[in-house]
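Trainee: I have a structure I would like to understand better, so I am pasting it below and will then ask my questions one at a time.
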Amino acid sequence: MERAEIGSRVKLDALAGILADGRFKTRHEATGRPSKNPPRSSAEEARIWNVHERALSGMPIYGYLATRADVTAVETRMSLHRAYGSARVVLRPEARSCSTVFFGDSRWPTSHDEGAPAPIDGPYELAWMPDLGPPTDRRSVDEGYFDEVVELQIIGGVHISDIEVVVFDLDPPCSITDALRCRELKWDVNPLPSMSDEQRARFVADELSGV
């Protein structure tokens, strides 16, 4: 996993907010990023991640581990785009020191004391659910199905200064690229893998509201 990078996917609307605010806002903050899962209370989140209950900005920002090439399985990449957005915010290597990983969705295991995230450079068995089979059977971080994505948890806040590059699945709108230039942030486009006609027909692209 040494070639994999710390990244969090966001929708274009969320990225516009991050660039305006100068930082990611957690799901527990009043104007933070909404969660697709039922939210845990700040008290429960604080217990799991060893963060003070009132330190809402220090709660985890979730992402996934992949190389700069990103996930190459077309169905998985489409699912990531639809669920989380078209902008992959890649963080500087220093973010590894405040990030942990779980091999799959951590929500159920962490809420029921059946698993725990582990340091990126020293994962242990609690970060791997037994029903996934032995870790040696796992494919690379850039392969696999949606539920095989390696989940990241970045603790302690993510700021503009932590961003190395923003990589888009599609050409971003001008308002986004203008905001990136104002923040002096680099950006690139890593096109989605080729889709079949059937896949293309059911694909819903992430778009910026009001554009």
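We label chains A, B, ... in the order they appear in the structure tokens, count residues from 1 in each chain, and number ligands from 1 in the order shown.
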Determine, for each residue of stretch 43-156 of chain A having at least one atom at most 10 Å from an atom of stretch 188-208 of chain A, the closest pair of atoms and their separation in Å to one decimal, counting only C-alpha atoms; order by chain and ascending number, as CSV.

Mentor:
residue,atom,partner,partner_atom,distance
A:Arg68,CA,A:Asn190,CA,8.9
A:Ala69,CA,A:Asn190,CA,7.6
A:Asp70,CA,A:Asn190,CA,8.2
A:Val71,CA,A:Pro193,CA,9.1
A:Thr72,CA,A:Pro193,CA,6.6
A:Ala73,CA,A:Pro193,CA,7.6
A:Val74,CA,A:Pro193,CA,5.5
A:Glu75,CA,A:Gln199,CA,8.1
A:Arg77,CA,A:Leu192,CA,7.2
A:Met78,CA,A:Phe203,CA,7.2
A:Ser79,CA,A:Phe203,CA,9.0
A:His81,CA,A:Asp206,CA,7.1
A:Arg82,CA,A:Val204,CA,6.5
A:Ala83,CA,A:Asp206,CA,9.3
A:Tyr84,CA,A:Asp206,CA,8.9
A:Gly85,CA,A:Asp206,CA,5.9
A:Ser86,CA,A:Asp206,CA,5.8
A:Ala87,CA,A:Asp206,CA,9.0
A:Arg88,CA,A:Asn190,CA,9.6

Trainee: Just the selected residues (all heavy atoms), exported as a compact mmCIF listing (two decimals), in the first residue's frame, please.

Mentor:
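Below is the file that was written, out_35.txt:
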# COMPACT_ATOMS: atom_id res chain seq x y z
N ARG A 68 -2.58 6.91 -7.67
CA ARG A 68 -3.01 8.05 -8.47
C ARG A 68 -3.85 7.60 -9.67
O ARG A 68 -4.70 8.34 -10.16
CB ARG A 68 -1.78 8.85 -8.95
CG ARG A 68 -2.10 10.14 -9.70
CD ARG A 68 -2.81 11.16 -8.82
NE ARG A 68 -2.03 11.56 -7.67
CZ ARG A 68 -1.17 12.59 -7.66
NH1 ARG A 68 -0.99 13.32 -8.74
NH2 ARG A 68 -0.52 12.89 -6.56
N ALA A 69 -3.61 6.36 -10.14
CA ALA A 69 -4.39 5.84 -11.27
C ALA A 69 -5.86 5.65 -10.91
O ALA A 69 -6.72 5.66 -11.78
CB ALA A 69 -3.80 4.51 -11.74
N ASP A 70 -6.16 5.49 -9.63
CA ASP A 70 -7.51 5.31 -9.11
C ASP A 70 -8.08 3.94 -9.50
O ASP A 70 -7.44 3.16 -10.18
CB ASP A 70 -8.43 6.44 -9.59
CG ASP A 70 -9.58 6.72 -8.62
OD1 ASP A 70 -9.79 5.93 -7.69
OD2 ASP A 70 -10.27 7.76 -8.79
N VAL A 71 -9.29 3.70 -9.06
CA VAL A 71 -9.93 2.41 -9.27
C VAL A 71 -10.21 2.20 -10.76
O VAL A 71 -10.82 3.05 -11.41
CB VAL A 71 -11.24 2.32 -8.46
CG1 VAL A 71 -11.97 1.02 -8.74
CG2 VAL A 71 -10.93 2.44 -6.97
N THR A 72 -9.78 1.06 -11.29
CA THR A 72 -9.91 0.82 -12.73
C THR A 72 -11.12 -0.02 -13.09
O THR A 72 -11.52 -0.05 -14.26
CB THR A 72 -8.64 0.10 -13.26
OG1 THR A 72 -8.43 -1.09 -12.49
CG2 THR A 72 -7.43 1.00 -13.12
N ALA A 73 -11.72 -0.72 -12.12
CA ALA A 73 -12.93 -1.50 -12.40
C ALA A 73 -14.07 -0.54 -12.69
O ALA A 73 -14.45 0.26 -11.84
CB ALA A 73 -13.26 -2.39 -11.20
N VAL A 74 -14.63 -0.62 -13.89
CA VAL A 74 -15.57 0.41 -14.34
C VAL A 74 -16.80 0.50 -13.44
O VAL A 74 -17.24 1.61 -13.10
CB VAL A 74 -15.95 0.20 -15.82
CG1 VAL A 74 -16.65 -1.15 -16.04
CG2 VAL A 74 -16.84 1.33 -16.30
N GLU A 75 -17.39 -0.63 -13.02
CA GLU A 75 -18.58 -0.57 -12.18
C GLU A 75 -18.26 0.07 -10.83
O GLU A 75 -19.06 0.83 -10.29
CB GLU A 75 -19.16 -1.97 -11.98
CG GLU A 75 -19.85 -2.54 -13.21
CD GLU A 75 -21.21 -1.89 -13.47
OE1 GLU A 75 -21.68 -1.14 -12.60
OE2 GLU A 75 -21.78 -2.13 -14.54
N ARG A 77 -15.77 2.22 -10.17
CA ARG A 77 -15.51 3.65 -10.36
C ARG A 77 -16.80 4.42 -10.59
O ARG A 77 -16.99 5.53 -10.08
CB ARG A 77 -14.55 3.82 -11.54
CG ARG A 77 -14.09 5.23 -11.81
CD ARG A 77 -12.83 5.60 -11.04
NE ARG A 77 -12.37 6.89 -11.50
CZ ARG A 77 -11.57 7.08 -12.55
NH1 ARG A 77 -11.09 6.03 -13.22
NH2 ARG A 77 -11.22 8.29 -12.92
N MET A 78 -17.73 3.86 -11.36
CA MET A 78 -19.03 4.49 -11.55
C MET A 78 -19.77 4.63 -10.22
O MET A 78 -20.38 5.67 -9.95
CB MET A 78 -19.87 3.66 -12.52
CG MET A 78 -19.45 3.74 -13.98
SD MET A 78 -20.31 2.49 -15.00
CE MET A 78 -22.03 2.88 -14.67
N SER A 79 -19.70 3.59 -9.39
CA SER A 79 -20.38 3.62 -8.10
C SER A 79 -19.78 4.69 -7.20
O SER A 79 -20.51 5.42 -6.51
CB SER A 79 -20.29 2.25 -7.42
OG SER A 79 -20.97 1.27 -8.16
N HIS A 81 -18.27 7.41 -8.16
CA HIS A 81 -18.66 8.69 -8.74
C HIS A 81 -20.09 9.05 -8.33
O HIS A 81 -20.36 10.16 -7.88
CB HIS A 81 -18.53 8.61 -10.27
CG HIS A 81 -18.92 9.85 -11.01
ND1 HIS A 81 -17.99 10.63 -11.67
CD2 HIS A 81 -20.11 10.46 -11.18
CE1 HIS A 81 -18.61 11.66 -12.23
NE2 HIS A 81 -19.89 11.57 -11.94
N ARG A 82 -21.00 8.10 -8.50
CA ARG A 82 -22.41 8.37 -8.19
C ARG A 82 -22.62 8.61 -6.70
O ARG A 82 -23.37 9.49 -6.30
CB ARG A 82 -23.29 7.20 -8.65
CG ARG A 82 -23.46 7.09 -10.15
CD ARG A 82 -24.61 6.17 -10.50
NE ARG A 82 -24.43 4.85 -9.93
CZ ARG A 82 -23.95 3.80 -10.59
NH1 ARG A 82 -23.59 3.94 -11.84
NH2 ARG A 82 -23.83 2.63 -10.00
N ALA A 83 -21.97 7.79 -5.86
CA ALA A 83 -22.22 7.86 -4.42
C ALA A 83 -21.53 9.05 -3.76
O ALA A 83 -22.11 9.70 -2.88
CB ALA A 83 -21.76 6.57 -3.75
N TYR A 84 -20.31 9.34 -4.17
CA TYR A 84 -19.51 10.32 -3.43
C TYR A 84 -19.10 11.55 -4.24
O TYR A 84 -18.74 12.56 -3.65
CB TYR A 84 -18.25 9.64 -2.87
CG TYR A 84 -18.58 8.46 -2.00
CD1 TYR A 84 -18.23 7.17 -2.37
CD2 TYR A 84 -19.28 8.63 -0.80
CE1 TYR A 84 -18.55 6.08 -1.58
CE2 TYR A 84 -19.61 7.55 -0.01
CZ TYR A 84 -19.25 6.28 -0.40
OH TYR A 84 -19.58 5.20 0.40
N GLY A 85 -19.10 11.46 -5.57
CA GLY A 85 -18.79 12.64 -6.36
C GLY A 85 -17.70 12.41 -7.39
O GLY A 85 -17.05 11.36 -7.43
N SER A 86 -17.50 13.42 -8.22
CA SER A 86 -16.57 13.31 -9.35
C SER A 86 -15.19 13.88 -9.07
O SER A 86 -14.30 13.80 -9.91
CB SER A 86 -17.17 14.05 -10.55
OG SER A 86 -17.38 15.42 -10.24
N ALA A 87 -15.00 14.47 -7.89
CA ALA A 87 -13.71 15.09 -7.55
C ALA A 87 -13.00 14.27 -6.48
O ALA A 87 -13.51 14.13 -5.37
CB ALA A 87 -13.92 16.52 -7.06
N ARG A 88 -11.84 13.75 -6.82
CA ARG A 88 -11.03 13.02 -5.84
C ARG A 88 -9.96 13.96 -5.31
O ARG A 88 -9.05 14.38 -6.03
CB ARG A 88 -10.39 11.79 -6.49
CG ARG A 88 -9.58 10.95 -5.52
CD ARG A 88 -8.96 9.77 -6.22
NE ARG A 88 -8.04 9.07 -5.33
CZ ARG A 88 -6.91 8.50 -5.71
NH1 ARG A 88 -6.54 8.51 -6.98
NH2 ARG A 88 -6.13 7.89 -4.84

Trainee: Which neighbours of A:Ile163 fall inside 12 Å, counting only C-alpha atoms, when residues of the same chain fewer than 5 positions from it are skipped, and could you give them as a PyMOL selection string?

Mentor: chain A and resi 5-8+15+18-19+22-24+88-95+157-158+180+183-187

Trainee: Taking only stretch 10-210 of chain A into account, list the residues labelled strand (DSSP E) by DSSP (computed from the backbone), as an NGL selection string.

Mentor: :A and (10 or 61-66 or 87-91 or 99-103 or 118-119 or 150-154 or 163-168 or 187-189)

Trainee: Run DSSP on the backbone and grab whatever in stretch 2-204 of chain A lands in alpha helix (DSSP H); send it over as number ranges by chain.

Mentor: A: 12-21, 42-49, 74-84, 107-111, 174-182, 197-202

Trainee: Give me, please, the distance in Å between atom CA of A:Ala127 and atom CA of A:Tyr64, quoted to one decimal.

Mentor: 13.9 Å

Trainee: My list of candidates is A:Gly156, A:Pro117, A:Pro173, A:Gly122. Which is closest to A:Val51 when distances are computed with only C-alpha atoms?

Mentor: A:Gly156

Trainee: Using only C-alpha atoms, which of A:Ala46, A:Val10, A:Met59, A:Ile120 sits nearest A:Leu152?

Mentor: A:Ile120

Trainee: Atom CA of A:Met129 to atom CA of A:Gly58: how many Å, to one decimal?

Mentor: 26.4 Å

Trainee: Between atom CA of A:Ser57 and atom CA of A:Lys25, what is the spacing in Å?

Mentor: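 Atom CA of A:Lys25 sits 6.4 Å away from atom CA of A:Ser57.
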
Trainee: Given the choices A:Phe146, A:Ala14, A:Cys182, A:Arg40, which gets closest to A:Gly104 if the distance is worked out from only C-alpha atoms?

Mentor: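 Checking each candidate against A:Gly104, we get A:Phe146 as the closest.
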
Trainee: With only C-alpha atoms as the atoms that count, which of A:Ser175, A:Thr110, A:Thr76, A:Thr100 lies nearest to A:Tyr62?

Mentor: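 Using only C-alpha atoms, A:Tyr62 sits closest to A:Thr100.
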